[in-house]
Amino acid sequence: MAPERRDIPKEPAEVEVITTHLNADYDALASMLAAAKLYPEAMLVFPGSQERNLRNFFVESTCYLFNFVKIKEVPFDQVRRLILVDTRQKSRLGPLAALADNPHIEIHAYDHHPDSEDDVATDFQVVEAKGSTVTVLTPILRQRQVQLSPDEATILALGIYEDTGNFTFVSTTPEDLQAAGWLLSQGANLSLVSSMLSRELTGEDVALLGELISSADTINIGGVQVVISEVSTPEYVPEFAVLVHKFVDIDNLDVVFALARMEGRVHLVARSRLPEVDVGAIATALGGGGHPTAASATMRNMTLVEARAKLERVLRTMVNPTRRAGDIMTSPVVTTDVNCPLGKVHHLLNRYNLKALPVTDGQKVVGIITRQIVEKSLQHDLGDFPVSEYMDREAQHLEPGDGLARVEEVLVDRHQRLAPVIFNGRLLGVVTRTDLLNTMIEDPVIPDRLHGNGAGGRRARTKHVTGLMRERLPRRVITILREMGQVADILGYRAYLVGGSVRDLFLRRENLDLDVVVEGDGIRLAQAFAAGRGDARVRTHRKFNTAVVIFSDGLKIDVATARLEYYRAPAALPTVEMTSLKLDLYRRDFTINTLAIHINPKRYGTLVDYFDGLKDIKQRAVRVLHNLSFVDDPTRVLRAVRFEQRFGFRIGKFTESLIKNALKIDAFKRLSGKRLFGEFKQMMEEEKALDCLLRMRELKLLEVFHPDLAVDADGERLLESAAEALAWFNLSFFGKPMRPWLLYLLALADRLPDEALSALCLRLDLGPRRRAEIVDMRRRALAALNRLQRGRTPPSEVYRLLKNLKPEFQTFIMAKTTRDTAKRAVSQYLTNWSRVKPALGGEDLRDMGIAPGPLYKQILNRLQAARLDGEVSSAEEERELVRLEFGRYMGKSA
């Protein structure tokens with residue numbers, strides 16, 4: 001290979017040909033035109049097809065002024081010099097590769113790609129690691145004082161801007177910006193550059209981009225998250241690389257390999273932002289080439305399945321793993337003291353579903369004890385012996401910086417169940433065999449310690465969702481989450497956005513009820529984040545190590561320390577301890593609520609899905625995480641119904657069978673009325689509260705509240721009527737508070753006598769005063785209903801019947817009545833009559849000579865009734881009525 005030189009040989013060749021690579025892009029075209037300024041007699045020849053944007057550009061540009069010819073017009077036998085730009089790879093020259101094999105042809109090359117085994121031997125070359133080949137050629141043009149027209153400068157600028165991603169790619173160099181600056185001085189038109197690089201996608205392009213996104217699969221190669229997408233289309237799509245670039249931008253991907261089967265071949269486009277993944281080298285191994293950050297390849301005579309298998313084989317040999325023991329460990333750690341009896345150790349192992357524990361003496365780790373050893377010791381009645389008698393004292397430990405090879409040596413070669421991770425004598429965490437497998441295999445599984453109670457080995461998946469976050473969350477929230485992630489990094493914590501807001505991102509529902517879980521101290525993170533900010537303050541809850549960051553505009557973010565909850569008895573309140581994200585997610589109610597998104601800078605926007613929550617969202621299913629979920633917390637049954645109806649999902653068959661089991665064993669018996677009422681109240685505030693009630697009837701859950709609570713056909717009609725009345729009330733903007741739970745409770749309990757209604761209220765832990773009020777007010781509401789249904793009722797009497805009833809009971813009358821006249825009467829009362837007041841007041845009565853006293857109330861009530869019934873319509877008519885009916889109480893002055 002010839003040494004690199006900048007002084008171009010001056011001897012003319014008989015025929016010179018300038019060419020580039022197949023599927024030429026703007027940089028390839030621009031480099032050909034730049035080379036034409038150095039070799040003015042040369043033919044410009046494309047070796048094959050160009051990207052569609054480039055073909056469109058030909059129509060709109062002045063390229064016809066240059067000496068472009070078709071391959072069939074090239075006199076192959078007369079060519080004496082071949083000039084290659086933007087490539088040196090023989091496999092990418094198409095039919096022109098034959099010229100590279102001719103020993104009588106002098107070969108010059110200008111390129112910015114790294115060397116590869118497929119490179120042709122050159123007589124002269126200029127190869128530099130720049131963002132584009134135009135940048136390599138521009139200094140030569142300037143050195144030779146070549147003048148460019150504005151059109152030529154614009155074409156060259158196109159090449160630089162495209163190959164550097166508008167100077168955003170990591171491969172961009174200072175020389176790229178300098179070259180662009182010189183082209184601007186030559187008259188380059190940036191408006192044209194912008195319009196050419198931002199062409200709108202066609203419908204077919206958008207469909208293919210959607211397929212790229214939906215088929216994305218994240219695999220783990222030595223601790224590096226790699227995204228692979230596969231698509232198939234009968235026709236060749238020249239702008240496939242453009243679509244892959246948009247895919248990378250939309251989901252903020254670090255490493256992506258996109259495979260597309262088109263016209264019988266599999267085309268690979270690869271992009272990388274990580275130094276551990278050199279996509280240029282990987283593409284070269286697959287028969288292609290490119291930069292460490294951007295590359296492509298074409299694989300012939302392969303199916304997509306075969307191409308992917310080959311790609312993965314190459315990845316496993318060429319991706320440099322970077323993860324260390326400190327990256328994959330679980331923390332904090334459950335430990336046992338060296339003097340703890342084996343019987344108590346067995347209890348610890350069962351409580352946390354663990355298979356091994358580090359044994360400590362003070363702060364020092366002195367050994368490891370396994371479940372197998374503990375259970376055998378109990379079989380021999382050794383439960384009172386200290387764990388120190390039977391622990392493994394020779395167990396080796398790891399340091400945070402140990403690589404995967406060392407981790408494998410300790411866990412596999414030495415057959416240790418787990419390895420403590422220790423730094424400066426302090427226990428930081430543990431690495432288990434499953435942690436190692438999670439890192440080394442492409443689709444990690446949830447650790448064994450989480451499999452208890454039937455949870456099973458669910459796959460942990462990751463997915464980049466930065467684009468979705470940008471689409472669904474306000475820009476200010478995105479900024480806050482990024483800043484909080486940066487603070488977590490400084491503190492050495494891992495922080496995640498979790499819960500309902502993550503779930504609702506995928507459901508395209510607005511939800512700014514933000515929860516952040518921290519593998520570390522949640523209170524410390526919240527306080528560090530708010531420190532120095534004038535727009536936020538922190539409220540802490542020391543008991544649970546949680547905090548709320550409250551912003552001046554009302555936005556709140558709950559910040560919690562990752563915690564584990566376990567239940568000492570069915571339906572009891574949970575005992576809380578600090579733990580890792582994995583166990584924090586495992587304590588949650590349903591798989592759809594277990595999604596988490598990294599907010600630390602390096603992995604910002606990466607979704608973590610240990611329990612197939614995203615799959616259940618797509619399948620529209622509500623499923624619990626383990627078999628004892630409803631036994632631990634029966635209120636989850638009501639939440640299952642609530643989520644099912646809110647999202648239009650369906651409770652999974654097995655989960656539904658667990659609901660029936662919870663009823664069978666009477667798991668609700670120990671559930672406090674306060675918690676039961678809290679869930680019922682939330683359910684009745686749902687938009688689909690009626691559907692929730694009907695679903696509870698179907699699942700026979702109403703008896704949980706009272707054994708005689710049932711809904712027959714008439715009861716269903718009353719519930720439907722109550723829902724309609726509630727909707728009418730809310731839309732009427734009366735300005736009065738309405739408690740939906742109470743209205744629905746009245747409809748549900750319509751058939752219950754007063755004593756049973758009081759018992760129902762007692763089950764819901766409603767206080768004695770509220771219970772008595774509900775029973776008494778229902779009695780008065782039913783009496784008012786009976787009167788209203790007997791026929792037309794004067795407005796004044798309607799007022800008297802309804803004025804002392806609360807809105808829920810007034811609306812209940814409207815829902816329960818079968819007479820339109822009664823319904824209209826309640827409607828009129830709420831809309832108009834409740835606001836009617838007499839024109840006269842106490843001062844007016846005193847001016848009329850009536851002495852103040854209880855008589856005033858009687859007179860004013862009479863005036864209001866007269867107003868309501870239309871007897872009077874003005875202040876003067878009211879005065880006349882007072883003179884007629886109460887004149888005897890008026891003084892002589894009147």
# chains A, B, ... in the order shown; residues from 1 in each chain; ligands from 1
call {"tool": "residues_around", "arguments": {"residues": "A:Val193", "least_positions_apart": "5", "cutoff": "8 Å", "atoms": "only C-alpha atoms", "output": "MDAnalysis selection string"}}
result
chainID A and resid 154:155 157:158 161
call {"tool": "residues_around", "arguments": {"residues": "stretch 794-802 of chain A", "least_positions_apart": "6", "cutoff": "6 Å", "atoms": "only C-alpha atoms", "output": "list in words"}}
result
Ala784, Ala865, Leu868 and Asp869 of chain A
call {"tool": "write_last_selection", "arguments": {"atoms": "all heavy atoms", "output": "PDB file, in the first residue's frame"}}
result
ATOM      1  N   ALA A 784     -89.181  11.733  50.949  1.00  0.00           N
ATOM      2  CA  ALA A 784     -89.339  12.795  49.943  1.00  0.00           C
ATOM      3  C   ALA A 784     -89.655  12.187  48.578  1.00  0.00           C
ATOM      4  O   ALA A 784     -90.494  12.706  47.826  1.00  0.00           O
ATOM      5  CB  ALA A 784     -88.057  13.625  49.867  1.00  0.00           C
ATOM      6  N   ALA A 865     -91.606  30.879  49.748  1.00  0.00           N
ATOM      7  CA  ALA A 865     -92.571  29.957  49.163  1.00  0.00           C
ATOM      8  C   ALA A 865     -93.416  30.666  48.112  1.00  0.00           C
ATOM      9  O   ALA A 865     -93.718  30.109  47.046  1.00  0.00           O
ATOM     10  CB  ALA A 865     -93.454  29.368  50.262  1.00  0.00           C
ATOM     11  N   LEU A 868     -91.367  31.012  45.022  1.00  0.00           N
ATOM     12  CA  LEU A 868     -91.222  29.728  44.329  1.00  0.00           C
ATOM     13  C   LEU A 868     -92.500  29.345  43.581  1.00  0.00           C
ATOM     14  O   LEU A 868     -92.461  28.833  42.457  1.00  0.00           O
ATOM     15  CB  LEU A 868     -90.854  28.634  45.345  1.00  0.00           C
ATOM     16  CG  LEU A 868     -89.406  28.668  45.872  1.00  0.00           C
ATOM     17  CD1 LEU A 868     -89.272  27.774  47.098  1.00  0.00           C
ATOM     18  CD2 LEU A 868     -88.426  28.216  44.793  1.00  0.00           C
ATOM     19  N   ASP A 869     -93.646  29.607  44.216  1.00  0.00           N
ATOM     20  CA  ASP A 869     -94.917  29.186  43.623  1.00  0.00           C
ATOM     21  C   ASP A 869     -95.510  30.227  42.686  1.00  0.00           C
ATOM     22  O   ASP A 869     -96.638  30.054  42.172  1.00  0.00           O
ATOM     23  CB  ASP A 869     -95.916  28.855  44.739  1.00  0.00           C
ATOM     24  CG  ASP A 869     -95.466  27.639  45.550  1.00  0.00           C
ATOM     25  OD1 ASP A 869     -94.652  26.844  45.009  1.00  0.00           O
ATOM     26  OD2 ASP A 869     -95.899  27.499  46.704  1.00  0.00           O
TER      27      ASP A 869
END
call {"tool": "residues_around", "arguments": {"residues": "A:Arg92", "least_positions_apart": "6", "cutoff": "9 Å", "atoms": "only C-alpha atoms", "output": "list of chain:residue names"}}
result
A:Thr20, A:His21, A:Leu22, A:Asn23, A:Pro47, A:Gly288, A:Gly289
call {"tool": "residues_around", "arguments": {"residues": "A:Ser132", "least_positions_apart": "6", "cutoff": "12 Å", "atoms": "only C-alpha atoms", "output": "PyMOL selection string"}}
result
chain A and resi 25-31+85-87+110-113+138+156-167+169+171-177+179-180+290-291+294
call {"tool": "select_by_dssp", "arguments": {"residues": "stretch 322-479 of chain A", "states": "alpha helix (DSSP H)", "output": "ChimeraX atom specification"}}
result
/A:325-328,342-352,371-379,404-408,433-440,466-472,475-479
call {"tool": "residues_around", "arguments": {"residues": "A:Gly522", "least_positions_apart": "6", "cutoff": "9 Å", "atoms": "only C-alpha atoms", "output": "list in words"}}
result
Val516, Asn545, Thr546, Ala547, Val559, Ala560, Thr561 and Ala562 of chain A
call {"tool": "atom_distance", "arguments": {"atom1": "atom CA of A:Thr635", "atom2": "atom CA of A:Glu755"}}
result
25.8 Å
